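Asker: Below you will find the structure I want to go over with you.
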Amino acid sequence: MLLPFLHENYRLSCQRSFLYPSISPLKKQVCFSIFYKVSKFSYKKLNIFKIDISFSGKLLFIENECHNHYHYIKLANICQLEPPVGGIMKKRYLISILIILSFTSIFIGVKEISPLDILNLNEDKIQILLLSRLPRLVSIIAAGMGMSISGLIMQQITQNKFVSPTTAATIDSAKLGILISLILFSSAGSLIKMLISFTFALGGSFLFLGILKKIKYKNAIIVPLLGMMVGSVIDSITTFFAYKYDLVQNISSWMQGNFSMVIKGRYELLYISIPLLVIAFLYANQFTLAGMGEDFSKNLGLNYNRVVGIGISIVALISSVVVITVGRIPFLGLIIPNIVTMYQGDNLKKSIFPTALLGALFLLLCDILGRIIIYPYEISIGLTVGVLGSFIFLYLILRRNS
Amino acid sequence: MKEKKKIYFLGVILIILFSLFIFMGLNDRNLGYALPLRIAKITAIILTGSAIGFSSTIFQTITNNRILTPSVLGLDSLYLFIQTFIVFIFGSSFLATSSGSFNFILSIGLMALFSLVIFKLLFKKQGNNIFFLLLLGLVFGTFFQSISSFMQVLIDPNEFLIVQNKMFASFNNVNTKILWLALLISFLSVGYTYKYLSSLDVLSLGRENAINLGIDYDKVVKKMLIVISILVSVSTALVGPITFLGLLVVNLSREFIKTYKHKYLIIGSMLLGSSFLVGGQLIAERIINFSTPISVIINFIGGIYFIYLLLKEEKI
């Protein structure tokens, strides 16, 4: 990357720019190398700089301090918007892997259908494909995209990399909503249940954001801790009533993520998340701005409250739809956005698509693994995502820390 | 002197709650039956409350923060995982027939081992990274939770009831044999800590200062960590997980006594922890008639108090 304010004999290259919890979720570290132009085609590496900047572009720390601060801030902001594209995060790779996995997923199951059968499908096999395999595939992709995008939006709005619907009271509130609908409207259809749990999820998320806004001293830990606290207060209310009405195991099975129950007629609610994803894509730029903080984004002419409202509504709606149809899928909203931002930076316009793809990809992979490991039985998706996700995340943190 | 007076005040409150608990509704007809039961129960309650208060205070001093407690590390989920696993593999009859001390020792052993591994991981990385700690806790918590909820769905609903009893802290079926064992272990670990109390005051100044002042930092921290993991395991294995009690109690005690001397802080948190549990148990038994586990009450009150604390404080 050539920068206009540098002397033409110098060249700067941004090596990595990431924002990651092990440094601090509120700041970003950017690494530069400075090159000196020796001849027309060769450069000599002079120095490496590491700088930390905060979300609003304030310079926090420079390793190897020597040049004008202003340049670094500008540099960092430019790099923030255009980080190097990591190899595996290229869209075409992600898409092609997703397509391969989707095909694999269709042909895995108790009833054997091989890819060769496509040419001469009998009635039976068409039924299997249409009633079970395709709905399952669609719901996995929709849920994977939805949950990871929800996490991404949540993290932008709260400016914190630890926040996801699971740690921000959204899922806990949705759970309370399900319980209420089980107690009061036990015979109601899943649409009513979804609406009730959506209302609760929305309320819970706004409660969390409202409290968050009032807290003066925010740091990286307090924000998710507060989310977990609000979540646990709501959860204790849920447990109180669940215990009273003997619904603890019932709720537990509602919350257990499971795609094996997805058949035609039971999963269609998930289609609601598709227009929501489109809205999320359209608002990507606004979310990026909102992620720079309320004052900063208002200065830039953003209707902050409206954007936050839209973001939280999308998150709450997607979360409750996924919880109702599939169950709770741990971790997806936390790790996928974190992995993608490590490679892609924080510009939502750039990272939102890979996040959605990687979320769907990861969930699909977990589902296929769960179906293969103890074939012909199945391991539930919550388990595979939880275990695999824990390991991946742990590996990433440990590697980053060392 | 001021601190001492406050400690006495807390002590008096505990004694009042204690006598309320023991003597309420007691008459000469049910004396022989109820008294031993109640004494066993209240011993368990006070033991748990003290263990939680004690370990949380030391943990916060060592890690130099005021918002995390040992239970954040995912120990609760590990405990649930062990219980679910036992029921899943051996069936509930195993928990019913074996005297319980085997299960107790097994749980303590595994949990202590696990926390030591985490602490090792944590303290090997210098710089006392709290982010890392919280993340590890989150990751392990989710890990164990997903395995146990998978098993919980698979097991028979009747067996699940056994697990459900273990899922929520409860003082209603304290096994006296375990109680003596737990008392013994706790007294040993508390006695062991006694001579380090003054070192803890210095430790709260931070790693560099403590080393400057002549404390063998790594050694003391390591020893304290072992004590913490044993105490946390004892209290969880004795009655079940009470996530937010430690946080609540330590912060309240700091707020109330306003001192940095661990001699007072620790006693204060132990007294507060016990009073909270006795009070909560009184509410659960007398006011809402056992309709909910005590941990739900504690989590509810504790969570709200914590949020209030965050809203009020400029800086934690």
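Chain identifiers are assigned as A, B, and so on, following the order in which chains appear in the structure tokens; residues are numbered from 1 within each chain, and ligands are numbered from 1 in order of appearance.
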Identify, on the basis of only C-alpha atoms, every residue whose closest approach to Val163 of chain A does not exceed 8 Å; exclude the query and any residue fewer than 6 positions from it along the same chain; express the result as a VMD selection string.
Answerer: chain A and resid 151 154 to 155 223 to 224 227 334
Asker: Could those selected residues go to a file with C-alpha atoms, as a PDB file, in the first residue's frame?
Answerer:
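Result file follows (part-v6.pdb):
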```pdb
ATOM      1  CA  GLY A 151     -22.795 -12.057  16.989  1.00  0.00           C
ATOM      2  CA  MET A 154     -23.759  -7.384  18.747  1.00  0.00           C
ATOM      3  CA  GLN A 155     -19.992  -7.017  18.905  1.00  0.00           C
ATOM      4  CA  VAL A 223     -19.360  -5.479  29.382  1.00  0.00           C
ATOM      5  CA  PRO A 224     -19.697  -9.246  28.870  1.00  0.00           C
ATOM      6  CA  GLY A 227     -24.387  -9.331  30.028  1.00  0.00           C
ATOM      7  CA  LEU A 334     -18.762 -15.575  19.538  1.00  0.00           C
TER       8      LEU A 334
END
```
Asker: Counting only C-alpha atoms, which residues from chain A have an atom at most 6 Å from any atom of chain B, and could you show them as a ChimeraX atom specification?
Answerer: /A:215-217,229,233,236,240,383,386-387,390
Asker: Report as a ChimeraX atom specification all protein, DNA and RNA residues lying within 8 Å of Ile257 of chain B, evaluated on only C-alpha atoms, omitting residues in the same chain fewer than 6 positions from it.
Answerer: /B:3,6-7,264-265,268
Asker: Can you write out the residues you just picked, keeping C-alpha atoms, as a PDB file, in the first residue's frame?
Answerer:
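out_29.pdb written:
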```pdb
ATOM      1  CA  GLU B   3     -13.056  -2.676  61.847  1.00  0.00           C
ATOM      2  CA  LYS B   6     -18.030  -3.996  62.275  1.00  0.00           C
ATOM      3  CA  ILE B   7     -16.896  -7.595  62.447  1.00  0.00           C
ATOM      4  CA  TYR B 264     -10.759  -8.398  58.677  1.00  0.00           C
ATOM      5  CA  LEU B 265     -11.768  -8.727  55.049  1.00  0.00           C
ATOM      6  CA  GLY B 268     -16.072 -10.277  57.116  1.00  0.00           C
TER       7      GLY B 268
END
```
Asker: Determine, counting only C-alpha atoms, which protein, DNA and RNA residues have an atom within 9 Å of an atom of Leu17 of chain B; residues of the same chain fewer than 4 positions away are not included. Present the result as JSON, numbers by chain.
Answerer: {"B": [12, 13, 21, 22, 275, 278, 279, 282]}
Asker: Using C-alpha atoms, can you write the selected residues to a file as a PDB file, in the first residue's frame?
Answerer:
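As a result, again36.pdb now contains:
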```
ATOM      1  CA  VAL B  12     -24.213 -10.692  65.872  1.00  0.00           C
ATOM      2  CA  ILE B  13     -26.319 -10.754  62.702  1.00  0.00           C
ATOM      3  CA  PHE B  21     -32.933 -21.024  62.008  1.00  0.00           C
ATOM      4  CA  ILE B  22     -32.328 -23.451  64.852  1.00  0.00           C
ATOM      5  CA  SER B 275     -25.449 -14.931  56.883  1.00  0.00           C
ATOM      6  CA  VAL B 278     -28.749 -18.815  56.304  1.00  0.00           C
ATOM      7  CA  GLY B 279     -31.037 -15.920  55.400  1.00  0.00           C
ATOM      8  CA  LEU B 282     -34.819 -19.179  55.840  1.00  0.00           C
TER       9      LEU B 282
END
```
Asker: Please report, as JSON, numbers by chain, each residue of segment 30-237 of chain B to which DSSP assigns helix (DSSP H, G or I) when run on this structure's backbone.
Answerer: {"B": [31, 32, 33, 34, 35, 36, 37, 38, 39, 40, 41, 42, 43, 44, 45, 46, 47, 48, 49, 50, 51, 52, 53, 54, 55, 56, 57, 58, 59, 60, 61, 62, 63, 70, 71, 72, 73, 75, 76, 77, 78, 79, 80, 81, 82, 83, 84, 85, 86, 87, 88, 89, 90, 92, 93, 94, 95, 96, 97, 101, 102, 103, 104, 105, 106, 107, 108, 109, 110, 111, 112, 113, 114, 115, 116, 117, 118, 119, 120, 121, 122, 123, 124, 130, 131, 132, 133, 134, 135, 136, 137, 138, 139, 140, 141, 142, 143, 144, 145, 146, 147, 148, 149, 150, 151, 152, 153, 154, 157, 158, 159, 160, 161, 162, 163, 164, 165, 166, 167, 176, 177, 178, 179, 180, 181, 182, 183, 184, 185, 186, 187, 188, 189, 190, 191, 192, 193, 194, 197, 198, 199, 200, 201, 202, 203, 207, 208, 209, 210, 211, 212, 217, 218, 219, 220, 221, 222, 223, 224, 225, 226, 227, 228, 229, 230, 231, 232, 233, 234, 235, 236, 237]}
Asker: Applying 7 Å and only C-alpha atoms, which residues near segment 218-229 of chain B remain after dropping the ones on its own chain fewer than 3 positions away? List them as an NGL selection string.
Answerer: :B and (55 or 62 or 112 or 115-116 or 189 or 232-233)
Asker: For the residues in that selection, give me C-alpha atoms as a PDB file, in the first residue's frame.
Answerer:
```pdb
ATOM      1  CA  SER B  55     -11.697 -18.414  48.654  1.00  0.00           C
ATOM      2  CA  ILE B  62      -4.172 -12.769  43.878  1.00  0.00           C
ATOM      3  CA  ALA B 112      -9.104 -29.408  42.187  1.00  0.00           C
ATOM      4  CA  SER B 115      -8.517 -25.696  38.535  1.00  0.00           C
ATOM      5  CA  LEU B 116      -4.840 -26.311  39.047  1.00  0.00           C
ATOM      6  CA  SER B 189      -6.765 -25.516  54.389  1.00  0.00           C
ATOM      7  CA  VAL B 232     -14.203 -24.142  45.963  1.00  0.00           C
ATOM      8  CA  SER B 233     -14.422 -27.820  45.176  1.00  0.00           C
TER       9      SER B 233
END
```
Asker: Using only C-alpha atoms, which protein or nucleic acid residues come within 7 Å of Phe88 of chain B? Drop anything in the same chain fewer than 3 positions from it, and give the result as a list in words.
Answerer: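 Selected residues are Thr84, Phe85, Gly91, Met151 and Ile155 of chain B.
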Asker: Mind checking which residues fall within 7 Å of Thr355 of chain A, counting only C-alpha atoms, ignoring those fewer than 3 positions away in the same chain, and posting them as JSON, numbers by chain?
Answerer: {"A": [148, 149, 336, 337, 340, 351, 352, 358, 359]}
Asker: Taking only C-alpha atoms into account, which of A:Thr325, A:Thr199, A:Gln127, A:Asn250 comes nearest Ile140 of chain A?
Answerer: A:Thr325
